[in-house]
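Student: This is the structure I have questions about; it appears just below.
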Amino acid sequence: MFDPIKTLSPSVPDIDDDAYSMDDFEGVNARWCHACGNNAILTAVQKLCAEEQLAPEKTVFVSGIGCSSRLPHYMGTYGFHALHGRALPIAEGIKIRRPDLHVFVNTGDGDCCSIGAGHWIHAMRYNMNMTVLLHDNQIYGLTKKQISPTSPRGLVSSTSPRGAYLEPLNPLAATLGMSNISFVANAVDWLPSVLYEIIHQAFHHRGLSFVRIVQRCPRYLPHQFDEYMKDPERILLLTHAQGLHVQDAVARRFKHCMEHDPSDLDRARELATNQERLPVGILYRNPGVLCYEDVRTSVEHLTAADKVKALEREFDKFTVQPTS
Amino acid sequence: MNDSTATSELDGSLAAQTPTSAVDQRRVDEIRDHVVEVISDSGEGAQKCGQSFASIAAKTGHGVWTVEIIPAEIEPPARSIEGASGNRIRVGSYYVNNGGDEADVVIAFNEQVLLGRERAGGLKPGCTILLENKWRHHQDPAIVTAYTSTCEQLMADGYQVREIPMEQVCLQHTNNPQRGKNMFVLGMLSGLYRQDLEVARAQVAFTFRGKGEQLVKRNLRLLEAGYEWATQNLEFAFEIPSVERKEAQIVVNGNTALALGIMASGMEICAMYPITPATSASHYLSDVFENVGGMVHQAEDEIAACAFAIGASYAGKCAVTITSGPGMALKQELIGLATMAEIPLVIVDVQRGGPSTGLPTKVEQGDLLQAIFGSHGDAPRVVMAAATIEDCFYLPIAARKIAEAFNLPVVLLTDANLATAQQPFARPQLRKEWFAAPVDQSAIPEGERPYDWDDTTGLYRRFTPGQPGGMHTVTGLAHDRSSRVAYDPATNEEGLKHRSLKLAAFQKTLTVPEVFGDPQGDLLVVGWGSTKGVIEEAVARVRAEGQSIASLHLTYLQPMASGIGDILKRYRQVMTVEMSWADRLEDDLITYENRRYSNLAWLLRARYLIDVDCWSEVRGQPLKPRMVTEVIRNKLAQGVSHV
C-alpha cells in the first residue's frame with residue numbers, strides 16, 4: 001500500500017510494516033448526512049477489520065438498497081451493493097462458493113424487514129457464517145421519509161400524514177421466533193464502545209450473527225431516540241461472561257445492567273418484547289447450530305479427471321450400444 | 001408400480017409361459033414409422049409403459065421421439081376426460097426429430113381418457129384402438145352405458161376398436177392387476193411391433209431394478225403374457241425396420257440432458273425454486289451433482305435463487321438458475337443487476353403456457369421477448385434456444401463459456417416439449433477443459449481498474465473477491481471504470497455503450513445457420529426452439545411436391561448472426577412458425593396496423609425491415625408436421641398464413 005508519509009519520512013518508526021490499519025479499510029468518503037448513525041457503524045466495522053487484521057481482499061461487505069446499504073462503497077474491501085431486499089441471498093451465494101471469505105451484510109429496516117423479509121427468515125434458518133448488521137432507523141431515508149415496518153404507531157411521515165396505523169414490527173422478537181437461529185444481539189449507534197464490542201462478538205460467532213442496531217436519522221427523525229439517549233434508565237444493559245463484556249466505566253453509566261445468559265432463549269424473547277427498556281447486548285447465542293455451508297460444501301477435492309469419470313458413469317446409465 | 005401384496009402367484013414357472021413355441025400367423029404390415037399412444041388414469045402406469053416401449057425401440061435400432069401426456073392435477077378423478085395420462089411415442093426407421101402427427105395406434109385403459117385424446121385431436125382418423133374391455137361388465141350401469149356408447153360412437157366414426165380383456169388376462173398372472181397391467185400392455189405393444197422379447201425383458205428388469213426379485217419376476221411374467229396375447233389373438237402386426245446405429249447413443253429426455261449438460265459445463269452451483277416443467281432437471285441434478293463437486297440449492301423463492309446464483313458467480317465460477325416463465329419474470333430485476341454489475345450468469349427457462357399461471361405442464365414459446373428485453377432500462381444479454389435434446393446437453397456448456405468470456409447473463413430457452421421428450425443422440429465425448437477454473441486469481445497490478453473496458457469490444461478482466469489488489473464495490477447503480485457510483489451523463493453513457501458493445505463483440509463470433517432446403521425460392525419458414533423437427537419435416541413434404549422452399553432455424557436469438565438478413569432476402573416470402581400468440585388477420589378487428597405478431601416475427605421485422613408473416617398455434621401441444629405442411633401450402637397458394 002502506497003503511503004506518502006512513510007515514503008517521505010523513512011525515520012517514522014514502524015512496528016509492523018505488513019499490518020493493516022484503519023486507513024486500509026477506507027473506501028470513498030462517506031456521503032451520509034452529518035450526525036447520521038451510519039457513521040458510527042462504519043467506524044465500528046473499520047475498527048473491527050483493522051483489529052482483526054482481516055485481509056481486505058478476503059473480506060466482502062454485501063448490501064441491499066437504502067442509506068445503510070451505501071456502506072460497502074465506504075470500505076476498502078470487496079463490496080457488493082446489490083438490489084433492494086436481496087443482500088442476504090447474494091451473500092449466501094458468495095459464502096457457499098467461498099467459505100473462506102469474511103462476509104458482512106449491511107441492511108436497513110426497509111431492506112431487511114419489508115422488501116427482503118422473506119429472505120431474512122430463510123437467511124436465519126440457513127445460519128451461514130456471516131455477520132448481518134440491521135441498521136434500524138425506523139424510517140425510509142433515501143426516499144425521503146416514508147414509514148418503515150419498524151416505525152412506531154402514530155409516526156407522521158410522507159405516506160402516513162395522519163400517523164402510522166399499525167404497531168411496529170419488532171426485529172428482535174421476530175428473529176428470536178425464527179428457526180435455527182444462533183446469534184441475536186441489539187446495539188445502539190450512540191454507544192460506540194458497546195456497539196464495537198457487540199459487533200466484535202458477532203464476528204467471532206460461527207454462524208449467522210444478527211445484530212440489530214438502533215440508528216439515528218438526524219434528517220427525518222432527529223429526536224426519535226432522545227428518550228433513550230438522554231435517559232440511560234431506559235436502557236437495559238445485558239452483560240454476561242458468555243455475552244457482552246463492558247468496561248466498568250461504561251457499566252456505571254447504566255442503572256439497569258443485568259446478567260443475561262445468552263443461552264436462555266425464553267428469557268431472550270421476554271427481553272426482546274420488554275416495553276419499558278431497550279435491551280442492549282447479546283440476547284441469544286448458540287454456537288452449536290448447524291451451518292448450511294457445512295453440510296453443503298464439498299470438502300473433497302475432485303480433479304477434472306475425477307469429474308469426467310463420474311459423468312461417464314452417468315452416461316453409462318442411459319447408453320444404448322451400437323447395433324450390429 | 002410397487003406392490004408388496006403380490007406373493008401367491010410367484011411360484012409359476014417362467015419358462016413354461018414363455019411364448020417361444022407359439023406360431024405367429026399374423027398379417028405383418030411393414031411401415032416406415034408409427035405414432036403410438038398409451039393412456040390411462042393417472043397412477044396406472046401408462047407413462048412408465050410408454051417410456052419403456054420407447055427405450056426398447058431405441059435399443060433395437062429405431063429412431064424415437066416421445067411426448068408425455070400429463071394431466072394438470074396430481075390425482076385427477078378416475079375415468080375422466082381431462083385426466084388422460086400417458087405417453088406418445090413416435091418410432092421410425094430413420095432419425096426421428098419430432099412427435100409426428102395424430103396417433104396410428106392407441107392403447108387405452110378406459111374409454112374416458114380415450115375420449116380426452118380424441119377431443120384433443122390426438123387420434124388419426126380410422127386409427128387402431130386397443131381398449132380395456134372390463135368396463136363392459138362393470139356393476140355400475142352408468143359406466144357400462146358410457147363404455148358401450150363410446151365404443152359404438154368410435155366405431156361409427158371409423159376407428160378400428162379392439163376390445164381387449166386386459167385385466168382378465170392379467171388376473172391369470174397376478175391377483176392385483178391394477179398394478180402391473182402396464183407391463184402387460186408393454187408386452188402387447190412389443191408383440192404388436194414384433195420387438196425382440198429379450199430386449200424387452202432386459203428393459204423391464206432395468207426399470208424395476210432394486211425393487212426386489214419378486215416384483216421383477218412378476219412384471220416379467222406380465223410382459224410375456226402381453227406379448228403372447230398379442231401374438232395369438234391379434235390377426236395383425238407391424239414391422240418397423242431398424243436402422244444400423246454406428247455409435248453409442250444416450251437416451252434421455254430434455255431435462256435430463258440439461259442436467260447432464262450443466263454437469264459437463266463445469267458449473268457447480270445450481271440455485272432453483274420448484275416450478276413446472278423445469279423442476280425435473282433439478283431432481284436429477286440433486287441426485288448426482290455432488291458426484292462432480294456440484295450442488296443444487298433450493299432457495300426460498302425464484303428471486304432468491306437468482307440472487308444466490310449471482311452471489312456464487314460473483315465469487316468465482318459461473319452459476320446457473322433454472323426456472324420457467326413465471327420464475328423468469330420474477331428474476332428479471334436481478335438479471336438486470338447481473339448485466340449492470342457484469343457478472344456471468346446462466347438462466348435456463350423451460351417455457352410453459354402463459355401468461356400468469358397459464359398452462360403449467362404444457363408447451364408454449366411465449367418467453368422469447370421477455371428473455372431478450374425483460375428488466376428495465378437497457379439490459380443486454382445473450383439468448384439462445386435449444387431445438388433438440390442434444391442441444392439441451394451442449395448449450396449449457398456454451399452458455400457458461402459465453403457468460404464468463406463476456407461477463408454477462410446468458411439465457412437458455414427450452415420448453416415443456418423438450419423437457420419430457422426423449423430422443424437418442426450420440427454419446428458425448430467429454431473434455432476436461434469444460435471443468436476449468438473460471439478466472440485468473442493472481443494479484444491485480446496497481447492502477448488497473450475493475451471496469452477497464454476495451455473501447456472496441458467492451459471487454460475487460462473481471463476481479464473476483466479473494467484477489468489481492470482488486471478491492472472494489474460492484475453496484476447496480478451507474479458507475480465509472482473504478483466501480484464508483486457516478487450520476488453524470490457521460491459516465492452513464494459510457495457504461496451503457498460498453499455493456500452493449502460486448503454483445504456486438506460476441507455476435508462477431510457467431511456463424512450463420514444453415515438453410516434447410518432450397519437456397520432460394522418462394523418461401524422461407526423461420527423457427528426457433530423445439531419446433532425444428534416439425535418444421536423441417538413439413539418443409540421436406542412440401543418440397544417433395546415440387547415447391548421451392550426452405551426453413552431456417554435459429555439457435556442464437558440475441559444477438560443474431562451476420563448473414564441472416566441476406567438469407568431472408570433470397571425468398572419471395574418469409575414467415576415464422578411459432579408457438580406464441582399472433583393475431584389472425586381473418587379476425588374482423590385485426591389489421592396490418594394493429595396485428596400483434598408472434599415473438600420471432602416481431603424481432604425479424606424490426607431488424608431486417610422485411611414483411612415477415614407468422615403462423616402460430618398456442619394450444620399447449622407440440623406442433624404437428626401435417627398442420628405445418630398445410631400452413632405452408634396455403635401460404636404458397638394464397639400468400640396468407642391463415643385461411
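Residues in the C-alpha cells are named by chain (A, B, ... in the order shown) and by number from 1 within that chain; ligands are numbered from 1 in the order shown.
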Find the residues of chain A in contact range of chain B, meaning any atom within 8 Å when counting only C-alpha atoms, and list them as a PyMOL selection string.

Tutor: chain A and resi 56-60+72-73+76-83+86+89-98+101+118-119+122+296-298+300-302+304-308+310-311+315+318-324

Student: Please, which residues of range 31-272 of chain A, numbered as in this document, come out strand (DSSP E) from DSSP, as JSON, numbers by chain?

Tutor: {"A": [59, 60, 61, 62, 63, 78, 79, 80, 81, 102, 103, 104, 105, 106, 107, 108, 130, 131, 132, 133, 134, 135, 136, 139, 140, 146, 147, 183, 184, 185, 186, 187, 188, 208, 209, 210, 211, 212, 213, 214, 235, 236, 237, 238, 239, 257, 258, 259]}

Student: Quick one: pull the distance between CA of Cys614 in chain B and CA of Leu557 in chain B, Å, one decimal.

Tutor: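 Taking CA of Cys614 in chain B as the start and CA of Leu557 in chain B as the end point, the length is 16.5 Å.
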
Student: Would you kindly return, as a ChimeraX atom specification, each protein, DNA or RNA residue with an atom no farther than 12 Å from any atom of Asn599 in chain B, considering only C-alpha atoms and excluding same-chain residues fewer than 3 positions away?

Tutor: /B:364-373,526-529,557,575-583,596,602-606,612-616

Student: Print the selection's residues with N, CA and C atoms to a file, as an mmCIF file, in the first residue's frame.

Tutor:
data_model
loop_
_atom_site.group_PDB
_atom_site.id
_atom_site.type_symbol
_atom_site.label_atom_id
_atom_site.label_comp_id
_atom_site.auth_asym_id
_atom_site.auth_seq_id
_atom_site.Cartn_x
_atom_site.Cartn_y
_atom_site.Cartn_z
ATOM 1 N N GLU B 364 -45.308 -23.905 -24.712
ATOM 2 C CA GLU B 364 -45.533 -22.647 -25.401
ATOM 3 C C GLU B 364 -44.160 -22.007 -25.600
ATOM 4 N N GLN B 365 -44.072 -21.113 -26.595
ATOM 5 C CA GLN B 365 -42.806 -20.402 -26.826
ATOM 6 C C GLN B 365 -43.025 -18.910 -26.615
ATOM 7 N N GLY B 366 -43.609 -18.559 -25.495
ATOM 8 C CA GLY B 366 -44.007 -17.169 -25.287
ATOM 9 C C GLY B 366 -43.010 -16.324 -24.518
ATOM 10 N N ASP B 367 -41.841 -16.877 -24.201
ATOM 11 C CA ASP B 367 -40.907 -16.155 -23.328
ATOM 12 C C ASP B 367 -39.738 -15.512 -24.063
ATOM 13 N N LEU B 368 -39.741 -15.601 -25.393
ATOM 14 C CA LEU B 368 -38.570 -15.101 -26.122
ATOM 15 C C LEU B 368 -38.353 -13.611 -25.895
ATOM 16 N N LEU B 369 -39.443 -12.848 -25.962
ATOM 17 C CA LEU B 369 -39.265 -11.401 -25.828
ATOM 18 C C LEU B 369 -38.894 -11.014 -24.400
ATOM 19 N N GLN B 370 -39.483 -11.679 -23.409
ATOM 20 C CA GLN B 370 -39.070 -11.349 -22.029
ATOM 21 C C GLN B 370 -37.637 -11.816 -21.785
ATOM 22 N N ALA B 371 -37.210 -12.873 -22.454
ATOM 23 C CA ALA B 371 -35.822 -13.322 -22.285
ATOM 24 C C ALA B 371 -34.863 -12.267 -22.821
ATOM 25 N N ILE B 372 -35.237 -11.644 -23.938
ATOM 26 C CA ILE B 372 -34.340 -10.658 -24.554
ATOM 27 C C ILE B 372 -34.487 -9.279 -23.907
ATOM 28 N N PHE B 373 -35.732 -8.872 -23.698
ATOM 29 C CA PHE B 373 -35.982 -7.470 -23.309
ATOM 30 C C PHE B 373 -36.415 -7.282 -21.855
ATOM 31 N N VAL B 526 -39.091 -19.560 -40.898
ATOM 32 C CA VAL B 526 -38.090 -19.372 -39.851
ATOM 33 C C VAL B 526 -38.668 -19.842 -38.522
ATOM 34 N N GLY B 527 -37.882 -20.577 -37.775
ATOM 35 C CA GLY B 527 -38.337 -21.062 -36.471
ATOM 36 C C GLY B 527 -37.214 -21.019 -35.455
ATOM 37 N N TRP B 528 -37.566 -21.361 -34.233
ATOM 38 C CA TRP B 528 -36.580 -21.434 -33.148
ATOM 39 C C TRP B 528 -37.129 -22.418 -32.119
ATOM 40 N N GLY B 529 -36.221 -23.026 -31.341
ATOM 41 C CA GLY B 529 -36.667 -23.900 -30.253
ATOM 42 C C GLY B 529 -37.140 -25.247 -30.740
ATOM 43 N N LEU B 557 -30.779 -16.146 -30.642
ATOM 44 C CA LEU B 557 -31.837 -15.190 -30.924
ATOM 45 C C LEU B 557 -31.403 -13.779 -30.567
ATOM 46 N N MET B 575 -41.921 -16.312 -43.513
ATOM 47 C CA MET B 575 -42.855 -16.393 -42.382
ATOM 48 C C MET B 575 -42.207 -17.176 -41.246
ATOM 49 N N THR B 576 -42.651 -16.889 -40.033
ATOM 50 C CA THR B 576 -42.207 -17.711 -38.908
ATOM 51 C C THR B 576 -43.322 -18.695 -38.567
ATOM 52 N N VAL B 577 -42.929 -19.816 -38.006
ATOM 53 C CA VAL B 577 -43.875 -20.778 -37.433
ATOM 54 C C VAL B 577 -43.493 -20.914 -35.970
ATOM 55 N N GLU B 578 -44.432 -20.549 -35.094
ATOM 56 C CA GLU B 578 -44.085 -20.483 -33.669
ATOM 57 C C GLU B 578 -45.231 -20.972 -32.787
ATOM 58 N N MET B 579 -44.937 -21.097 -31.512
ATOM 59 C CA MET B 579 -45.961 -21.430 -30.523
ATOM 60 C C MET B 579 -46.143 -20.275 -29.537
ATOM 61 N N SER B 580 -46.175 -19.044 -30.076
ATOM 62 C CA SER B 580 -46.533 -17.895 -29.234
ATOM 63 C C SER B 580 -47.621 -17.129 -29.976
ATOM 64 N N TRP B 581 -48.472 -16.478 -29.262
ATOM 65 C CA TRP B 581 -49.687 -15.924 -29.852
ATOM 66 C C TRP B 581 -49.398 -14.904 -30.956
ATOM 67 N N ALA B 582 -50.170 -14.988 -32.023
ATOM 68 C CA ALA B 582 -50.165 -13.959 -33.066
ATOM 69 C C ALA B 582 -51.615 -13.728 -33.461
ATOM 70 N N ASP B 583 -51.989 -12.464 -33.604
ATOM 71 C CA ASP B 583 -53.348 -12.150 -34.078
ATOM 72 C C ASP B 583 -53.514 -12.672 -35.494
ATOM 73 N N ARG B 596 -50.759 -8.124 -33.689
ATOM 74 C CA ARG B 596 -49.631 -8.467 -32.809
ATOM 75 C C ARG B 596 -49.031 -9.763 -33.322
ATOM 76 N N TRP B 602 -41.811 -10.525 -34.646
ATOM 77 C CA TRP B 602 -41.536 -9.142 -34.203
ATOM 78 C C TRP B 602 -40.065 -8.806 -34.420
ATOM 79 N N LEU B 603 -39.204 -9.716 -33.963
ATOM 80 C CA LEU B 603 -37.760 -9.446 -33.985
ATOM 81 C C LEU B 603 -37.246 -9.328 -35.417
ATOM 82 N N LEU B 604 -37.674 -10.249 -36.273
ATOM 83 C CA LEU B 604 -37.177 -10.237 -37.651
ATOM 84 C C LEU B 604 -37.671 -9.006 -38.389
ATOM 85 N N ARG B 605 -38.933 -8.656 -38.165
ATOM 86 C CA ARG B 605 -39.480 -7.464 -38.829
ATOM 87 C C ARG B 605 -38.708 -6.216 -38.405
ATOM 88 N N ALA B 606 -38.447 -6.140 -37.106
ATOM 89 C CA ALA B 606 -37.775 -4.939 -36.596
ATOM 90 C C ALA B 606 -36.346 -4.830 -37.109
ATOM 91 N N VAL B 612 -42.219 -9.883 -42.669
ATOM 92 C CA VAL B 612 -42.257 -11.282 -42.226
ATOM 93 C C VAL B 612 -43.649 -11.583 -41.662
ATOM 94 N N ASP B 613 -44.278 -12.591 -42.227
ATOM 95 C CA ASP B 613 -45.590 -13.040 -41.742
ATOM 96 C C ASP B 613 -45.343 -14.083 -40.639
ATOM 97 N N CYS B 614 -46.404 -14.471 -39.949
ATOM 98 C CA CYS B 614 -46.216 -15.543 -38.966
ATOM 99 C C CYS B 614 -47.457 -16.401 -38.868
ATOM 100 N N TRP B 615 -47.228 -17.634 -38.515
ATOM 101 C CA TRP B 615 -48.333 -18.534 -38.183
ATOM 102 C C TRP B 615 -47.991 -19.142 -36.841
ATOM 103 N N SER B 616 -48.963 -19.173 -35.970
ATOM 104 C CA SER B 616 -48.677 -19.789 -34.675
ATOM 105 C C SER B 616 -49.882 -20.566 -34.194
#

Student: In Å to one decimal, how far is CA of Ser551 in chain B from CA of Asp391 in chain B?

Tutor: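 We find that CA of Asp391 in chain B and CA of Ser551 in chain B lie 18.4 Å from each other.
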
Student: Which residues come within 7 Å of range 506-522 of chain B, counting only C-alpha atoms, excluding same-chain residues fewer than 3 positions away, as a compact mmCIF listing (two decimals) with all heavy atoms, in the first residue's frame?

Tutor:
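Once written, out_28.txt looks like this:
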# COMPACT_ATOMS: atom_id res chain seq x y z
N LYS B 502 -20.33 -5.40 -25.89
CA LYS B 502 -19.94 -6.79 -25.65
C LYS B 502 -20.82 -7.73 -26.47
O LYS B 502 -20.37 -8.78 -26.94
CB LYS B 502 -20.07 -7.15 -24.16
CG LYS B 502 -19.05 -6.44 -23.30
CD LYS B 502 -19.04 -7.00 -21.89
CE LYS B 502 -20.36 -6.78 -21.20
NZ LYS B 502 -20.36 -7.28 -19.82
N LEU B 503 -22.09 -7.35 -26.65
CA LEU B 503 -23.00 -8.19 -27.43
C LEU B 503 -22.58 -8.18 -28.90
O LEU B 503 -22.63 -9.21 -29.58
CB LEU B 503 -24.44 -7.67 -27.29
CG LEU B 503 -25.47 -8.72 -26.92
CD1 LEU B 503 -25.10 -9.43 -25.63
CD2 LEU B 503 -26.86 -8.13 -26.82
N SER B 548 -40.40 -24.80 -54.21
CA SER B 548 -39.05 -24.33 -53.93
C SER B 548 -39.08 -23.53 -52.62
O SER B 548 -39.35 -22.32 -52.61
CB SER B 548 -38.58 -23.46 -55.10
OG SER B 548 -37.37 -22.85 -54.77
N ILE B 549 -38.84 -24.21 -51.52
CA ILE B 549 -38.93 -23.56 -50.20
C ILE B 549 -37.79 -24.04 -49.30
O ILE B 549 -37.06 -24.97 -49.65
CB ILE B 549 -40.28 -23.84 -49.51
CG1 ILE B 549 -40.42 -25.34 -49.22
CG2 ILE B 549 -41.45 -23.35 -50.36
CD1 ILE B 549 -41.53 -25.65 -48.25
N ALA B 550 -37.69 -23.42 -48.14
CA ALA B 550 -36.65 -23.81 -47.19
C ALA B 550 -37.06 -23.37 -45.78
O ALA B 550 -38.03 -22.63 -45.61
CB ALA B 550 -35.32 -23.14 -47.55
N SER B 551 -36.31 -23.84 -44.81
CA SER B 551 -36.50 -23.33 -43.45
C SER B 551 -35.16 -22.94 -42.86
O SER B 551 -34.10 -23.39 -43.31
CB SER B 551 -37.19 -24.38 -42.56
OG SER B 551 -36.38 -25.51 -42.42
N LEU B 552 -35.24 -22.06 -41.87
CA LEU B 552 -34.05 -21.57 -41.18
C LEU B 552 -34.36 -21.63 -39.69
O LEU B 552 -35.40 -21.13 -39.26
CB LEU B 552 -33.77 -20.12 -41.61
CG LEU B 552 -32.56 -19.44 -40.99
CD1 LEU B 552 -31.27 -20.06 -41.53
CD2 LEU B 552 -32.57 -17.94 -41.27
N LEU B 554 -33.10 -20.87 -35.79
CA LEU B 554 -32.14 -20.03 -35.08
C LEU B 554 -31.85 -20.56 -33.67
O LEU B 554 -32.78 -20.76 -32.88
CB LEU B 554 -32.66 -18.59 -34.98
CG LEU B 554 -32.99 -17.92 -36.32
CD1 LEU B 554 -33.49 -16.50 -36.08
CD2 LEU B 554 -31.79 -17.92 -37.25
N PRO B 559 -27.50 -12.04 -29.60
CA PRO B 559 -27.70 -11.40 -30.89
C PRO B 559 -27.89 -12.45 -31.99
O PRO B 559 -27.68 -13.64 -31.73
CB PRO B 559 -26.37 -10.65 -31.10
CG PRO B 559 -25.37 -11.49 -30.36
CD PRO B 559 -26.09 -12.08 -29.18
N MET B 560 -28.29 -12.00 -33.17
CA MET B 560 -28.42 -12.92 -34.30
C MET B 560 -27.19 -12.80 -35.19
O MET B 560 -26.64 -11.71 -35.36
CB MET B 560 -29.67 -12.57 -35.11
CG MET B 560 -30.96 -12.95 -34.39
SD MET B 560 -32.37 -12.68 -35.47
CE MET B 560 -33.69 -12.70 -34.28
N ALA B 561 -26.82 -13.92 -35.79
CA ALA B 561 -25.60 -13.97 -36.59
C ALA B 561 -25.70 -13.05 -37.81
O ALA B 561 -26.78 -12.84 -38.36
CB ALA B 561 -25.33 -15.40 -37.04
N SER B 562 -24.54 -12.56 -38.24
CA SER B 562 -24.49 -11.81 -39.50
C SER B 562 -24.89 -12.76 -40.63
O SER B 562 -24.61 -13.95 -40.58
CB SER B 562 -23.07 -11.32 -39.77
OG SER B 562 -22.70 -10.41 -38.78
N GLY B 563 -25.53 -12.21 -41.64
CA GLY B 563 -25.87 -13.03 -42.81
C GLY B 563 -27.31 -13.49 -42.85
O GLY B 563 -27.80 -13.94 -43.88
N ILE B 564 -28.01 -13.39 -41.72
CA ILE B 564 -29.41 -13.84 -41.70
C ILE B 564 -30.26 -12.95 -42.60
O ILE B 564 -31.12 -13.42 -43.35
CB ILE B 564 -29.94 -13.89 -40.26
CG1 ILE B 564 -29.26 -15.04 -39.52
CG2 ILE B 564 -31.46 -14.06 -40.23
CD1 ILE B 564 -29.58 -15.12 -38.04
N ARG B 570 -33.46 -13.83 -49.99
CA ARG B 570 -33.39 -14.76 -51.12
C ARG B 570 -34.72 -15.47 -51.38
O ARG B 570 -34.82 -16.30 -52.28
CB ARG B 570 -32.28 -15.80 -50.88
CG ARG B 570 -30.89 -15.17 -50.75
CD ARG B 570 -29.80 -16.13 -51.16
NE ARG B 570 -29.76 -17.34 -50.35
CZ ARG B 570 -28.90 -17.51 -49.33
NH1 ARG B 570 -28.04 -16.56 -49.01
NH2 ARG B 570 -28.91 -18.63 -48.65
N TYR B 571 -35.72 -15.17 -50.59
CA TYR B 571 -37.03 -15.83 -50.76
C TYR B 571 -38.11 -14.80 -51.01
O TYR B 571 -38.07 -13.71 -50.45
CB TYR B 571 -37.34 -16.68 -49.51
CG TYR B 571 -36.30 -17.75 -49.31
CD1 TYR B 571 -35.12 -17.47 -48.62
CD2 TYR B 571 -36.46 -19.02 -49.86
CE1 TYR B 571 -34.13 -18.44 -48.48
CE2 TYR B 571 -35.48 -20.00 -49.72
CZ TYR B 571 -34.32 -19.69 -49.03
OH TYR B 571 -33.35 -20.65 -48.89
N ARG B 572 -39.06 -15.20 -51.83
CA ARG B 572 -40.13 -14.28 -52.19
C ARG B 572 -40.97 -13.92 -50.96
O ARG B 572 -41.40 -12.79 -50.79
CB ARG B 572 -41.01 -14.93 -53.27
CG ARG B 572 -41.78 -13.96 -54.16
CD ARG B 572 -42.33 -14.68 -55.40
NE ARG B 572 -43.11 -15.87 -55.06
CZ ARG B 572 -44.38 -15.84 -54.65
NH1 ARG B 572 -45.01 -14.69 -54.51
NH2 ARG B 572 -45.02 -16.96 -54.40
N GLN B 573 -41.20 -14.92 -50.11
CA GLN B 573 -41.96 -14.66 -48.88
C GLN B 573 -41.21 -15.27 -47.69
O GLN B 573 -40.51 -16.28 -47.84
CB GLN B 573 -43.33 -15.33 -48.95
CG GLN B 573 -44.23 -14.78 -50.04
CD GLN B 573 -45.61 -15.40 -49.92
OE1 GLN B 573 -46.47 -14.89 -49.21
NE2 GLN B 573 -45.82 -16.51 -50.60

Student: Between CA of Gly66 in chain A and CA of Ser151 in chain A, what is the spacing in Å?

Tutor: 15.6 Å

Student: From a DSSP calculation on the backbone, collect every residue of range 272-307 of chain A in alpha helix (DSSP H) and output the set as a VMD selection string.

Tutor: chain A and resid 272 292 to 296 304 to 307

Student: Set the distance at 7 Å and use only C-alpha atoms: which residues neighbour range 98-105 of chain B once local chain neighbours fewer than 6 positions away are removed? I'd like the list as a tab-separated table (two decimals) with N, CA, C and O atoms, in the first residue's frame.

Tutor:
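Now in out_35.tsv:
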chain	number	residue	atom	x	y	z
B	34	HIS	N	-44.55	-45.04	-37.03
B	34	HIS	CA	-45.87	-45.05	-36.39
B	34	HIS	C	-45.84	-44.13	-35.18
B	34	HIS	O	-44.80	-43.98	-34.54
B	35	VAL	N	-47.02	-43.58	-34.89
B	35	VAL	CA	-47.18	-42.87	-33.62
B	35	VAL	C	-48.10	-43.72	-32.75
B	35	VAL	O	-49.20	-44.08	-33.15
B	36	VAL	N	-47.60	-44.04	-31.56
B	36	VAL	CA	-48.35	-44.90	-30.64
B	36	VAL	C	-48.65	-44.10	-29.38
B	36	VAL	O	-47.77	-43.40	-28.87
B	37	GLU	N	-49.88	-44.18	-28.89
B	37	GLU	CA	-50.18	-43.55	-27.59
B	37	GLU	C	-50.62	-44.61	-26.60
B	37	GLU	O	-51.41	-45.50	-26.94
B	65	TRP	N	-39.03	-40.50	-30.73
B	65	TRP	CA	-39.33	-39.23	-30.06
B	65	TRP	C	-40.55	-39.47	-29.19
B	65	TRP	O	-41.54	-40.01	-29.67
B	66	THR	N	-40.46	-39.12	-27.93
B	66	THR	CA	-41.62	-39.32	-27.06
B	66	THR	C	-42.17	-37.99	-26.58
B	66	THR	O	-41.45	-37.00	-26.47
B	67	VAL	N	-43.46	-37.99	-26.30
B	67	VAL	CA	-44.11	-36.81	-25.74
B	67	VAL	C	-44.95	-37.28	-24.56
B	67	VAL	O	-45.74	-38.21	-24.69
B	90	ARG	N	-43.26	-41.81	-31.03
B	90	ARG	CA	-43.12	-41.94	-32.48
B	90	ARG	C	-41.88	-42.79	-32.73
B	90	ARG	O	-40.79	-42.46	-32.27
B	122	GLY	N	-55.88	-35.90	-30.95
B	122	GLY	CA	-54.68	-36.74	-30.92
B	122	GLY	C	-54.75	-37.99	-31.79
B	122	GLY	O	-53.74	-38.66	-31.98
B	123	LEU	N	-55.95	-38.33	-32.30
B	123	LEU	CA	-56.13	-39.62	-32.99
B	123	LEU	C	-56.23	-39.43	-34.50
B	123	LEU	O	-56.95	-38.57	-34.98
B	124	LYS	N	-55.53	-40.28	-35.22
B	124	LYS	CA	-55.63	-40.25	-36.68
B	124	LYS	C	-56.96	-40.88	-37.07
B	124	LYS	O	-57.37	-41.89	-36.49
B	127	CYS	N	-57.79	-44.83	-36.96
B	127	CYS	CA	-56.65	-45.49	-36.33
B	127	CYS	C	-57.08	-46.69	-35.49
B	127	CYS	O	-58.26	-46.88	-35.19
B	128	THR	N	-56.12	-47.51	-35.14
B	128	THR	CA	-56.37	-48.72	-34.36
B	128	THR	C	-56.40	-48.38	-32.87
B	128	THR	O	-55.47	-47.75	-32.36
B	129	ILE	N	-57.48	-48.80	-32.22
B	129	ILE	CA	-57.62	-48.54	-30.78
B	129	ILE	C	-57.70	-49.87	-30.06
B	129	ILE	O	-58.54	-50.72	-30.40
B	533	GLY	N	-37.74	-29.90	-35.70
B	533	GLY	CA	-38.02	-31.16	-36.39
B	533	GLY	C	-39.33	-31.10	-37.16
B	533	GLY	O	-39.44	-31.59	-38.29
B	534	VAL	N	-40.35	-30.52	-36.53
B	534	VAL	CA	-41.68	-30.42	-37.16
B	534	VAL	C	-41.59	-29.57	-38.43
B	534	VAL	O	-42.11	-29.94	-39.49
B	624	LYS	N	-47.78	-30.19	-35.08
B	624	LYS	CA	-47.78	-31.43	-35.85
B	624	LYS	C	-47.32	-31.12	-37.27
B	624	LYS	O	-47.73	-30.12	-37.87
B	625	PRO	N	-46.48	-31.97	-37.85
B	625	PRO	CA	-45.96	-31.71	-39.20
B	625	PRO	C	-47.09	-31.57	-40.24
B	625	PRO	O	-46.98	-30.76	-41.16
B	626	ARG	N	-48.16	-32.33	-40.07
B	626	ARG	CA	-49.25	-32.26	-41.04
B	626	ARG	C	-49.86	-30.85	-41.08
B	626	ARG	O	-50.13	-30.29	-42.14
